[in-house]
Amino acid sequence: MSRTTTGALWFAFLLLLLPLSLSFSQHEASTLSEPSNYLPSANMNESANFTSAGASGVALIGEPAHVGDILRASILVSNSGSESGLATLNIEDAINGITYSGDEIEISPGSSREVNVDFSPQDNTSLSYNWWLTSPDSHVDSSMSGVFTVEVYPPQSIITTVDSHDWDIDGSLSVEISMFLSSGRTRNLVIQIAKHYQGTSSVLQSFPVELDPGRRSIIIDLGNLEIETLSVELIPIDWVADSGSTNSTIIYLESPSIETSTMSIDMSLLPTNPVVGEKVLVSFSLSNEGENYVPAGRVRLILSSDSTILSESSTTARGPGETYSSAMEIPSWPNAESVEIEIVWMVGDESITSFASIDSKASNDGSELPFDVVAAFYGALAGIATVLSGRLAWRTVSSRAPSTSESGLRLPRAPRVSQEKQEKKEVSCPYCEQRLKVPANHFGNAKCPACTMQFKVEEEPQPHFTRTSVGEPTTDQSTSRAVSESSEPVSRSSEDLLQCPDCDQTLRVPMDKRPVKSRCPVCKLEFMAKISGE
């Protein structure tokens, strides 16, 4: 056979194989493009190419899983292509036929990113899920699909109760709440506490709490409230509690009251029997003899006759068995024979009263003076001082030496010897009638040594003289008597006492010493003391 014939045969054979080759190429292209989003091999280098960047299969987050929980399936995807692309993770519940798709994640060339999807199991059993990765514009490797199984447990249950509450008399309310979570995962919840009063409701407190399986108790202080009922509710966050859970409770409250039967008052007065107008101190003791707390209040002292408030003060809180003691003052005791007073202890809307009837003291048992003794004493002192001052002033004025304008210049004092030889005359004090001796030629002021008063010595009239036959001048009868008196005076008595012949001062001169010359200590007169009959 020639070379020309051989070439023609090969050409004819190729023409017969050409339709078969075209049919196979179209079938291969169709197979790659449908389930796996494969692109023709000629364009693979011009797009993204997604493959697994780690272990094959997806990772689950959120186990152990309970019915109603939100789980997350994720896979790490790498882009080995030259362009960026979008990737989405999909899962399908093989039993219930429910499909979940995650968000589209853009992956840059040469980088890796996590692609995930969230799903929630609905049955308490072992569930199988199909998963696969899809991309609208990129090549996905055939290894990016598979199956995983999840063991799903029954939903966890929660129980909440109010174990106790304490509502103090001062209005502070606190509650003790218990929370129980069945076995399983740690759960996040919100505690919500609300009050209900006269048909209206309002939330008092709301806060999150992380609860481990088991029982937990907390005490919450709610403060001063106007409340009839209190509700407590546990609200799950991103999970579903068992339908049989008791996640809310309501309690009915009654406002606390004061047990006045355990409160007592004891009081005393000082003085015990006051006088009208006197200041009185009232001491009192307030005792809490019960087992409950008694808050702060007020104590008031009242006059029962006309409900006059005499005094008032505040009291501090008292615990069980404690006593509060203090005192109040009544500035002026009422004018009544018997006075009724009362002490009132007021706490909130409750109060107790203690009465007392006190007899007033009647004028200090009859010895009370109608005036203030202290004031009278000071007045008497002032009067005495005034009298003494006046008398001193009078004596000063009365004893003042005469001025030169009244009596002229005083005469020079005579020598002592000549004064002793001067004759003296007797004068009588006009104030106390004391007899004094002054110089015979003295006229003017004189001072009595007995009463210290001053008086004037008047000039006596001159006697009339007559001449006798021998030519000697003689006086009349009064004159002759004066001459006879110029002789030495004599005083007689029949006892030790005798009188001064000049001033009638009583003197004592013993009888056994007479006759004796004596001297009067008052008027200084020297006389002869004799016994009567001598």
# chains A, B, ... in the order shown; residues from 1 in each chain; ligands from 1
$ residues_around --residues "Arg298 of chain A" --least-positions-apart "3" --cutoff "7 Å" --atoms "only C-alpha atoms" --output "VMD selection string"
chain A and resid 313 to 315 345 to 347
$ residues_around --residues "segment 88-105 of chain A" --least-positions-apart "3" --cutoff "9 Å" --atoms "only C-alpha atoms" --output "PyMOL selection string"
chain A and resi 73-75+85+113-119+121-122+127-135+147
$ closest_residue --among "A:Pro334, A:Gly348, A:Gly62, A:Pro213" --to "Pro256 of chain A" --atoms "only C-alpha atoms"
A:Gly348
$ select_by_dssp --residues "segment 224-457 of chain A" --states "strand (DSSP E or B)" --output "PyMOL selection string"
chain A and resi 224+229-236+246+248-252+263-270+280-288+294+297-303+308-315+318+323-330+338-347+350-359+424-428+435-439+444-447+454-457
$ residues_around --residues "Met328 of chain A" --least-positions-apart "5" --cutoff "8 Å" --atoms "only C-alpha atoms" --output "NGL selection string"
:A and (281-283 or 301 or 311-313)
$ residues_around --residues "Asp212 of chain A" --least-positions-apart "3" --cutoff "7 Å" --atoms "only C-alpha atoms" --output "VMD selection string"
chain A and resid 181 186 to 187
$ residues_around --residues "Gly444 of chain A" --least-positions-apart "6" --cutoff "7 Å" --atoms "only C-alpha atoms" --output "NGL selection string"
:A and (456-458)
$ residues_around --residues "Thr506 of chain A" --least-positions-apart "2" --cutoff "12 Å" --atoms "only C-alpha atoms" --output "ChimeraX atom specification"
/A:491-493,495-504,508-509,519-523
$ residues_around --residues "Pro64 of chain A" --least-positions-apart "5" --cutoff "10 Å" --atoms "only C-alpha atoms" --output "NGL selection string"
:A and (69 or 71 or 150-153 or 184-185)
$ closest_residue --among "A:Gly290, A:Met179, A:Val203, A:Ser264" --to "Thr246 of chain A" --atoms "only C-alpha atoms"
A:Met179
$ atom_distance --atom1 "atom CA of Gly214 of chain A" --atom2 "atom CA of Thr229 of chain A"
27.6 Å
$ closest_residue --among "A:His139, A:Lys530, A:His66, A:Arg216" --to "Leu86 of chain A" --atoms "only C-alpha atoms"
A:His139
$ atom_distance --atom1 "atom CA of Val175 of chain A" --atom2 "atom CA of Ile219 of chain A"
5.7 Å
$ atom_distance --atom1 "atom CA of Thr125 of chain A" --atom2 "atom CA of Val240 of chain A"
16.4 Å
